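Enquirer: Structure incoming, see below.
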Amino acid sequence: MIQIYNNTEEINITAADLFVASAQKAIAEKGKFTAVLTGGSSPAGIYKLLASDAYKNKIDWSKVYIFWGDERWVPLNDDLSNAKMSYATLLSHVTIPQENIFEMYKDGVTPEEYTVTYEQILRKILGEEGKFDLILLGMGDDGHTASLFPGEAVLEEQTKWVDAYYLAPQKMHRITLTAPLINKAEKIVVVAFGEKKTHALKEVTTGAYNPTLYPMQLIKPVSGELLFLVDKAAAGTN
């Protein structure tokens, strides 16, 4: 489903409301809420809203478990780190236990080695079903999501929950959740705004199925809900 908004402020409010509602529902039903954060600049406004006085007290953060959809393989204090941005805008401002936060990076190991550890953590928290309550995703101008980039072998992965590889065009290693794991989620929310996203959004949602070129097309929930929150510029309706 695609929902079109006038501006990013409306998107941020809707996404924050969805986050709160999902958290309250999951905690009421099973005593914990498992959420996946996304990086880049798109979600910063959402995170700041969740950390505000108007929102943060609506969630029992002691029962929230935070993961990431992907990460650049850089130290947590690096400006390129998705985790660093998430701490600056949200996690450092709410009462979530540090042991409930699972960054996609660890000093002293390779990204390939850490994929095994991260999958073990996921199986411990999620169980063998591997079902997150909520996953937040962005979408690149090229139609990528998480670190599922066009033409990369990771797009073919069917068994691993987590994968890592060297992304040559960016000259860096990336670690990412795989499409099969993402698709198990209860709710997947994709945020996209700005006219630079117009072409990719159109191809992903109404174009021919070509996930090698537009990896976002791989995101098709098994039994959950997929929701695109976009502005008029991205939708090409302004």
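Naming scheme: A, B, ... for chains in displayed order of the structure tokens; residues 1 onward per chain; ligands 1 onward as shown.
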Taking only C-alpha atoms into account, produce a table as JSON lines in which each residue of stretch 164-207 of chain A with an atom at most 6 Å from an atom of stretch 58-81 of chain A appears once, together with its shortest atom pair and the distance in Å to one decimal, ordered by chain and rising number.
Expert:
{"residue": "A:His173", "atom": "CA", "partner": "A:Trp73", "partner_atom": "CA", "distance": 5.4}
{"residue": "A:Arg174", "atom": "CA", "partner": "A:Arg72", "partner_atom": "CA", "distance": 4.7}
{"residue": "A:Ile175", "atom": "CA", "partner": "A:Glu71", "partner_atom": "CA", "distance": 5.4}
{"residue": "A:Thr176", "atom": "CA", "partner": "A:Asp70", "partner_atom": "CA", "distance": 4.0}
{"residue": "A:Leu177", "atom": "CA", "partner": "A:Gly69", "partner_atom": "CA", "distance": 5.4}
Enquirer: Using N, CA and C atoms, can you export the residues from the last selection as a PDB file, in the first residue's frame?
Expert:
ATOM      1  N   HIS A 173      32.795  -2.290   2.949  1.00  0.00           N
ATOM      2  CA  HIS A 173      32.012  -3.469   3.300  1.00  0.00           C
ATOM      3  C   HIS A 173      30.664  -3.046   3.873  1.00  0.00           C
ATOM      4  N   ARG A 174      29.660  -3.844   3.604  1.00  0.00           N
ATOM      5  CA  ARG A 174      28.321  -3.618   4.143  1.00  0.00           C
ATOM      6  C   ARG A 174      27.845  -4.913   4.796  1.00  0.00           C
ATOM      7  N   ILE A 175      27.012  -4.771   5.813  1.00  0.00           N
ATOM      8  CA  ILE A 175      26.358  -5.917   6.445  1.00  0.00           C
ATOM      9  C   ILE A 175      24.868  -5.629   6.428  1.00  0.00           C
ATOM     10  N   THR A 176      24.064  -6.653   6.148  1.00  0.00           N
ATOM     11  CA  THR A 176      22.639  -6.406   5.916  1.00  0.00           C
ATOM     12  C   THR A 176      21.764  -7.587   6.302  1.00  0.00           C
ATOM     13  N   LEU A 177      20.532  -7.288   6.683  1.00  0.00           N
ATOM     14  CA  LEU A 177      19.523  -8.328   6.754  1.00  0.00           C
ATOM     15  C   LEU A 177      19.186  -8.719   5.327  1.00  0.00           C
TER      16      LEU A 177
END
Enquirer: Select from stretch 30-227 of chain A everything DSSP, run on the backbone, classes as helix (DSSP H, G or I), then give the selection as a ChimeraX atom specification.
Expert: /A:30,44-50,56-58,61-63,82-89,91-93,98-100,111-126,153-156,168-170,179-182,195-206,215-218
Enquirer: Please write the residues from the selection above to a file, keeping C-alpha atoms, as a compact mmCIF listing (two decimals), in the first residue's frame.
Expert:
# COMPACT_ATOMS: atom_id res chain seq x y z
CA LYS A 30 3.86 -10.86 24.13
CA ALA A 44 16.21 11.26 11.43
CA GLY A 45 13.00 13.25 11.75
CA ILE A 46 11.09 10.13 12.79
CA TYR A 47 13.63 9.28 15.47
CA LYS A 48 13.69 12.82 16.85
CA LEU A 49 9.91 12.74 17.09
CA LEU A 50 9.95 9.41 18.95
CA LYS A 56 8.75 8.81 24.26
CA ASN A 57 6.54 8.13 27.28
CA LYS A 58 4.01 6.23 25.18
CA TRP A 61 11.33 1.13 26.36
CA SER A 62 12.54 -1.54 28.80
CA LYS A 63 10.71 -4.05 26.61
CA ASN A 82 23.80 4.22 10.99
CA ALA A 83 23.99 3.32 14.66
CA LYS A 84 25.70 6.61 15.55
CA MET A 85 22.89 8.57 13.91
CA SER A 86 20.26 6.46 15.67
CA TYR A 87 21.85 7.06 19.07
CA ALA A 88 22.16 10.80 18.43
CA THR A 89 18.54 11.22 17.40
CA LEU A 91 18.42 5.88 21.50
CA SER A 92 20.39 8.20 23.78
CA HIS A 93 17.19 10.05 24.66
CA GLN A 98 21.86 -0.97 26.45
CA GLU A 99 21.64 -4.77 26.41
CA ASN A 100 18.49 -4.45 24.28
CA PRO A 111 31.91 -8.37 8.70
CA GLU A 112 31.53 -11.90 7.34
CA GLU A 113 32.33 -13.36 10.76
CA TYR A 114 29.91 -11.01 12.46
CA THR A 115 27.04 -12.09 10.26
CA VAL A 116 27.13 -15.46 12.03
CA THR A 117 27.07 -13.81 15.46
CA TYR A 118 24.31 -11.41 14.49
CA GLU A 119 22.14 -14.21 13.16
CA GLN A 120 22.64 -16.11 16.42
CA ILE A 121 21.48 -13.02 18.33
CA LEU A 122 18.44 -12.72 16.08
CA ARG A 123 17.48 -16.35 16.60
CA LYS A 124 17.81 -15.95 20.37
CA ILE A 125 15.54 -12.88 20.48
CA LEU A 126 13.12 -13.70 17.65
CA ALA A 153 24.95 -11.51 -5.19
CA VAL A 154 23.20 -10.81 -1.87
CA LEU A 155 19.96 -10.42 -3.83
CA GLU A 156 20.00 -14.17 -4.49
CA ALA A 168 32.89 -2.08 -4.87
CA PRO A 169 31.19 1.14 -6.11
CA GLN A 170 31.30 2.52 -2.55
CA ALA A 179 15.21 -10.17 1.88
CA PRO A 180 13.85 -13.53 3.13
CA LEU A 181 14.23 -12.41 6.76
CA ILE A 182 12.82 -8.95 6.13
CA GLU A 195 11.73 13.93 -6.58
CA LYS A 196 14.95 11.92 -6.83
CA LYS A 197 12.95 8.89 -5.68
CA THR A 198 10.17 9.29 -8.25
CA HIS A 199 11.60 7.00 -10.94
CA ALA A 200 12.60 4.20 -8.57
CA LEU A 201 9.28 4.32 -6.72
CA LYS A 202 7.35 4.05 -9.98
CA GLU A 203 9.47 1.14 -11.21
CA VAL A 204 9.32 -0.68 -7.86
CA THR A 205 5.56 -0.38 -7.44
CA THR A 206 4.20 -0.48 -11.01
CA PRO A 215 16.01 -4.64 -5.28
CA MET A 216 13.12 -3.10 -3.33
CA GLN A 217 10.91 -5.37 -5.42
CA LEU A 218 12.24 -8.28 -3.34
Enquirer: For A:Ser223, which of A:Glu29, A:Asp133, A:Glu9, A:Glu157 is the closest residue, counting only C-alpha atoms?
Expert: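 Going through A:Glu29, A:Asp133, A:Glu9, A:Glu157 one by one, the smallest distance to A:Ser223 is for A:Asp133.
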Enquirer: Would you give me, as a PyMOL selection string, the residues in stretch 7-214 of chain A that DSSP reads as strand (DSSP E)?
Expert: chain A and resi 33-37+64-68+70-72+134-138+162-167+172-177+187-192
Enquirer: Measuring atom to atom with only C-alpha atoms, identify which of A:Glu225, A:Gly194, A:Gln3, A:Ser22 is nearest to A:Met139.
Expert: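 Comparing A:Glu225, A:Gly194, A:Gln3, A:Ser22 against A:Met139, the winner is A:Gly194.
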Enquirer: So how far away is atom CA of A:Asn210 from atom CA of A:Phe149, in Å?
Expert: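 Those two atoms sit 12.6 Å apart.
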Enquirer: From the options A:Tyr166, A:Phe102, A:Phe19, A:Tyr55, which residue's atoms come nearest to A:Leu134, counting only C-alpha atoms?
Expert: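 Closest to A:Leu134, using only C-alpha atoms: A:Phe19.
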Enquirer: So that each row is one residue of stretch 15-99 of chain A with an atom at most 10 Å from stretch 183-189 of chain A, can you give its shortest atom pair and the distance in Å to one decimal, using only C-alpha atoms, rows by chain and rising number, as a tab-separated table?
Expert:
residue	atom	partner	partner_atom	distance
A:Ala15	CA	A:Val189	CA	7.7
A:Leu18	CA	A:Val189	CA	8.7
A:Phe19	CA	A:Val189	CA	9.4
A:Ser22	CA	A:Lys187	CA	8.4
A:Thr34	CA	A:Ala185	CA	9.8
A:Ala35	CA	A:Ala185	CA	9.6
A:Val36	CA	A:Ile188	CA	9.4
